[in-house]
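Engineer: This is the structure I have questions about; it appears just below.
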Amino acid sequence: MLSGLLIVLLPLVLGYLVPVRSPDALAVINRGVSASVYVILLLMGISLAGLDELGRELSRMGGQALTLFTVITACNLLALGWLSRRLALRMGPSPVVADAPTTKLAALAGSLALVAVVAGGVLIGLALAWLGGDTIFQHAELLAEWVLYVLLALIGCQLRNSGMPLRQILLNRHGLAIAMTLAVSSLIGGLLAAPLLSLSWNEGLALASGFGWYSLSAILIGDQLGPVFGGVAFFNDLSRELLAFILIPLFIKRHAPLAIGYGGATSMDFTLPVIQQHGGVACVPIAVVSGFILSLLSPPLILFFLSL
């Protein structure tokens with residue numbers, strides 16, 4: 001477990017140690033992160049194409065992902081709703097960012113595009129298998145792991161150059177409380193869902209530890225539990241992002257911890273523009289802190305639970 005954890009965390013730490021001051025370099029890093037995510041998901045789709053009885057396995061994967069997502073979401077919403085009442089963190093008519101990078105519709109379209117990339121990977125894998133290239137499936141899994149390491153290094157750079165020092169992150173009690181509530185309630189959901197999915201308790205906890213980071217969870221889970229459960233992890237975490245885009249505009253004014261927290265690790269990147277647009281600038285530090293903490297927790301938790 002320690003060696004696997006080191007292999008995953010090392011590129012993240014190395015990336016975090018690299019200061020980047022050039023806006024052009026940061027733009028290249030941001031594009032690299034997006035490109036890496038698409039490559040990983042394309043390779044995951046190719047790996048799924050190597051499954052025997054593909055149609056039945058995909059149907060099984062969809063049912064299990066829906067079960068996992070439903071149970072974890074129920075636990076998240078209950079816990080974050082309770083936290084919203086305790087913190088009484090109301091954004092009210094705070095300034096709204098007029099030029100937010102994206103709209104809710106555009107963000108939803110971007111998430112659906114990720115599903116299309118996985119589906120495209122499946123079609124490519126089927127075509128290559130028909131042409132006699134069965135070894136492509138093993139190569140795809142290995143290549144996806146290496147692309148993941150590149151992605152982690154680039155994300156480390158993003159975290160380092162987010163403009164928010166670790167001291168400020170650790171002292172932001174609202175962001176910390178939201179992250180811990182989301183993490184604990186997700187793990188409770190994973191425990192409850194495990195028997196429904198015919199999984200051991202630790203495998204249920206591992207599936208629940210992605211916190212919305214679908215590219216990471218898909219590869220780490222798939223490497224240990226097979227491509228079907230890698231797909232379950234991916235669709236569970238992607239569904240979190242899709243639902244977050246709907247919940248944020250509805251709840252950000254009166255239940256900010258719920259709206260910010262439900263996005264999980266995505267609240268510092270993919271869902272942040274929607275949080276900005278509908279909640280105003282006061283939400284941004286809280287969202288970044290919450291997403292930052294969950295991004296740091298996800299890799300070690302997944303590997304720890306899989307090693308038990």
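Residue numbers start at 1 in each chain; chains themselves are named A, B, ... in the order of the structure tokens; ligands are numbered from 1 in the order shown.
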Just want the 8 Å neighbourhood of Ile188 of chain A, counted on only C-alpha atoms, with same-chain residues fewer than 6 positions away dropped. Output as an MDAnalysis selection string.
Structural biologist: chainID A and resid 72 75 205
Engineer: Go ahead and save the residues from that selection, with all heavy atoms, as a compact mmCIF listing (two decimals), in the first residue's frame.
Structural biologist:
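Output file result_21.txt is given in full below:
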```
# COMPACT_ATOMS: atom_id res chain seq x y z
N ILE A 72 -24.86 7.48 -1.80
CA ILE A 72 -23.89 8.49 -1.38
C ILE A 72 -24.52 9.89 -1.43
O ILE A 72 -24.31 10.71 -0.52
CB ILE A 72 -22.63 8.43 -2.24
CG1 ILE A 72 -21.86 7.14 -1.95
CG2 ILE A 72 -21.73 9.64 -1.98
CD1 ILE A 72 -20.62 6.96 -2.80
N CYS A 75 -26.73 10.54 1.58
CA CYS A 75 -25.93 10.81 2.77
C CYS A 75 -25.31 12.20 2.71
O CYS A 75 -25.30 12.94 3.71
CB CYS A 75 -24.83 9.76 2.92
SG CYS A 75 -25.44 8.09 3.29
N LEU A 205 -15.89 1.58 0.55
CA LEU A 205 -15.24 2.82 1.00
C LEU A 205 -14.32 3.39 -0.08
O LEU A 205 -14.25 4.61 -0.28
CB LEU A 205 -14.45 2.56 2.28
CG LEU A 205 -15.26 2.34 3.55
CD1 LEU A 205 -14.36 1.91 4.70
CD2 LEU A 205 -16.03 3.60 3.93
```
Engineer: Could you pull the residues within 8 Å of Asn30 of chain A, counting only C-alpha atoms, minus those fewer than 4 positions along the same chain, as an MDAnalysis selection string?
Structural biologist: chainID A and resid 26 34 154 158
Engineer: Take the residues from that selection and put them in a file with N, CA and C atoms, as an mmCIF file, in the first residue's frame.
Structural biologist:
```cif
data_model
loop_
_atom_site.group_PDB
_atom_site.id
_atom_site.type_symbol
_atom_site.label_atom_id
_atom_site.label_comp_id
_atom_site.auth_asym_id
_atom_site.auth_seq_id
_atom_site.Cartn_x
_atom_site.Cartn_y
_atom_site.Cartn_z
ATOM 1 N N LEU A 26 1.131 28.910 -16.951
ATOM 2 C CA LEU A 26 -0.054 28.433 -16.235
ATOM 3 C C LEU A 26 -1.159 28.044 -17.213
ATOM 4 N N SER A 34 -6.637 19.490 -18.783
ATOM 5 C CA SER A 34 -7.843 19.128 -19.547
ATOM 6 C C SER A 34 -7.548 18.023 -20.561
ATOM 7 N N LEU A 154 0.657 17.887 -12.954
ATOM 8 C CA LEU A 154 0.098 19.158 -13.410
ATOM 9 C C LEU A 154 -0.882 19.735 -12.387
ATOM 10 N N GLN A 158 -1.004 23.289 -10.285
ATOM 11 C CA GLN A 158 -2.181 24.142 -10.140
ATOM 12 C C GLN A 158 -2.440 24.494 -8.682
#
```
Engineer: Taking only C-alpha atoms into account, which of A:Leu17, A:Ile275, A:Ile252, A:Val33 comes nearest Leu152 of chain A?
Structural biologist: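 Looking at the shortest contact to Leu152 of chain A, the residue is A:Val33.
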Engineer: Of the candidates A:Leu41, A:Ala153, A:Ile286, A:Leu306, which one gets nearest to Ser200 of chain A if we count only C-alpha atoms?
Structural biologist: A:Leu306
Engineer: Residues near Thr181 of chain A, anyone? I mean within 8 Å using only C-alpha atoms, not counting same-chain ones fewer than 5 positions away, as a PDB file with N, CA and C atoms, in the first residue's frame.
Structural biologist:
```pdb
ATOM      1  N   ASN A  76     -24.805  12.579   1.530  1.00  0.00           N
ATOM      2  CA  ASN A  76     -24.200  13.911   1.366  1.00  0.00           C
ATOM      3  C   ASN A  76     -25.206  15.020   1.625  1.00  0.00           C
ATOM      4  N   ALA A  79     -26.161  15.304   5.350  1.00  0.00           N
ATOM      5  CA  ALA A  79     -25.074  15.844   6.176  1.00  0.00           C
ATOM      6  C   ALA A  79     -24.807  17.314   5.856  1.00  0.00           C
ATOM      7  N   LEU A  80     -24.760  17.658   4.573  1.00  0.00           N
ATOM      8  CA  LEU A  80     -24.497  19.047   4.198  1.00  0.00           C
ATOM      9  C   LEU A  80     -25.679  19.956   4.539  1.00  0.00           C
ATOM     10  N   LEU A  83     -25.159  20.696   8.122  1.00  0.00           N
ATOM     11  CA  LEU A  83     -24.070  21.657   8.269  1.00  0.00           C
ATOM     12  C   LEU A  83     -24.522  23.060   7.872  1.00  0.00           C
TER      13      LEU A  83
END
```
Engineer: Could you tell me, as a PyMOL selection string, which residues of segment 227-306 of chain A DSSP assigns to alpha helix (DSSP H) when given the backbone?
Structural biologist: chain A and resi 227-251+256-262+272-279+283-306
Engineer: For the selection just defined, write its residues with C-alpha atoms to a file, as an mmCIF file, in the first residue's frame.
Structural biologist:
```
data_model
loop_
_atom_site.group_PDB
_atom_site.id
_atom_site.type_symbol
_atom_site.label_atom_id
_atom_site.label_comp_id
_atom_site.auth_asym_id
_atom_site.auth_seq_id
_atom_site.Cartn_x
_atom_site.Cartn_y
_atom_site.Cartn_z
ATOM 1 C CA PRO A 227 -12.634 -2.051 -15.608
ATOM 2 C CA VAL A 228 -16.288 -2.544 -14.626
ATOM 3 C CA PHE A 229 -15.796 -1.052 -11.185
ATOM 4 C CA GLY A 230 -13.470 1.536 -12.692
ATOM 5 C CA GLY A 231 -16.453 2.541 -14.807
ATOM 6 C CA VAL A 232 -18.718 2.506 -11.743
ATOM 7 C CA ALA A 233 -16.327 4.902 -9.975
ATOM 8 C CA PHE A 234 -16.165 7.155 -13.032
ATOM 9 C CA PHE A 235 -19.920 7.452 -13.542
ATOM 10 C CA ASN A 236 -20.553 7.874 -9.816
ATOM 11 C CA ASP A 237 -18.093 10.765 -9.581
ATOM 12 C CA LEU A 238 -19.131 12.329 -12.888
ATOM 13 C CA SER A 239 -22.779 12.203 -11.808
ATOM 14 C CA ARG A 240 -21.770 14.197 -8.725
ATOM 15 C CA GLU A 241 -20.476 16.958 -10.984
ATOM 16 C CA LEU A 242 -23.600 16.924 -13.156
ATOM 17 C CA LEU A 243 -25.927 17.174 -10.149
ATOM 18 C CA ALA A 244 -23.740 19.884 -8.594
ATOM 19 C CA PHE A 245 -24.337 22.100 -11.636
ATOM 20 C CA ILE A 246 -28.072 21.815 -10.925
ATOM 21 C CA LEU A 247 -27.899 22.222 -7.134
ATOM 22 C CA ILE A 248 -25.545 25.227 -7.033
ATOM 23 C CA PRO A 249 -27.961 27.799 -8.535
ATOM 24 C CA LEU A 250 -30.846 26.430 -6.455
ATOM 25 C CA PHE A 251 -29.178 26.395 -3.018
ATOM 26 C CA ALA A 256 -24.185 27.684 0.676
ATOM 27 C CA PRO A 257 -22.361 24.789 2.418
ATOM 28 C CA LEU A 258 -24.620 22.294 0.643
ATOM 29 C CA ALA A 259 -24.192 23.945 -2.753
ATOM 30 C CA ILE A 260 -20.424 24.353 -2.402
ATOM 31 C CA GLY A 261 -19.742 21.042 -0.690
ATOM 32 C CA TYR A 262 -21.711 18.686 -2.909
ATOM 33 C CA LEU A 272 -16.042 26.808 -9.404
ATOM 34 C CA PRO A 273 -17.193 29.062 -12.290
ATOM 35 C CA VAL A 274 -20.836 28.232 -11.547
ATOM 36 C CA ILE A 275 -20.237 28.848 -7.832
ATOM 37 C CA GLN A 276 -18.716 32.220 -8.729
ATOM 38 C CA GLN A 277 -21.534 33.128 -11.059
ATOM 39 C CA HIS A 278 -24.401 32.333 -8.698
ATOM 40 C CA GLY A 279 -22.849 32.842 -5.259
ATOM 41 C CA CYS A 283 -17.896 31.824 -2.053
ATOM 42 C CA VAL A 284 -14.661 31.405 -3.967
ATOM 43 C CA PRO A 285 -12.130 30.956 -1.091
ATOM 44 C CA ILE A 286 -14.444 28.516 0.687
ATOM 45 C CA ALA A 287 -14.984 26.474 -2.477
ATOM 46 C CA VAL A 288 -11.275 26.376 -3.319
ATOM 47 C CA VAL A 289 -10.339 25.280 0.205
ATOM 48 C CA SER A 290 -12.993 22.554 0.275
ATOM 49 C CA GLY A 291 -11.989 21.212 -3.147
ATOM 50 C CA PHE A 292 -8.287 21.435 -2.307
ATOM 51 C CA ILE A 293 -8.655 19.362 0.863
ATOM 52 C CA LEU A 294 -10.805 16.719 -0.839
ATOM 53 C CA SER A 295 -8.324 16.499 -3.733
ATOM 54 C CA LEU A 296 -5.532 15.783 -1.261
ATOM 55 C CA LEU A 297 -7.589 13.220 0.664
ATOM 56 C CA SER A 298 -8.837 11.211 -2.307
ATOM 57 C CA PRO A 299 -5.683 9.384 -3.551
ATOM 58 C CA PRO A 300 -4.439 8.123 -0.155
ATOM 59 C CA LEU A 301 -7.927 7.080 0.941
ATOM 60 C CA ILE A 302 -8.630 5.086 -2.237
ATOM 61 C CA LEU A 303 -5.289 3.278 -2.032
ATOM 62 C CA PHE A 304 -5.583 2.689 1.707
ATOM 63 C CA PHE A 305 -9.029 1.099 1.472
ATOM 64 C CA LEU A 306 -8.035 -1.024 -1.530
#
```
Engineer: For the atom pair atom CA of Ala179 of chain A and atom CA of Gly210 of chain A, what is the interatomic distance in Å to one decimal place?
Structural biologist: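 Distance reported for this atom pair: 12.7 Å.
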Engineer: Mind giving me the straight-line distance from atom CA of Val37 of chain A to atom CA of Leu148 of chain A in Å, one decimal?
Structural biologist: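 About the pair atom CA of Val37 of chain A and atom CA of Leu148 of chain A: they are 8.2 Å apart.
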Engineer: Determine the nearest neighbour of Ser36 of chain A from the options A:Ile221, A:Ala282, A:Ala193, A:Leu143, counting only C-alpha atoms.
Structural biologist: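 Counting only C-alpha atoms, the residue closest to Ser36 of chain A is A:Leu143.
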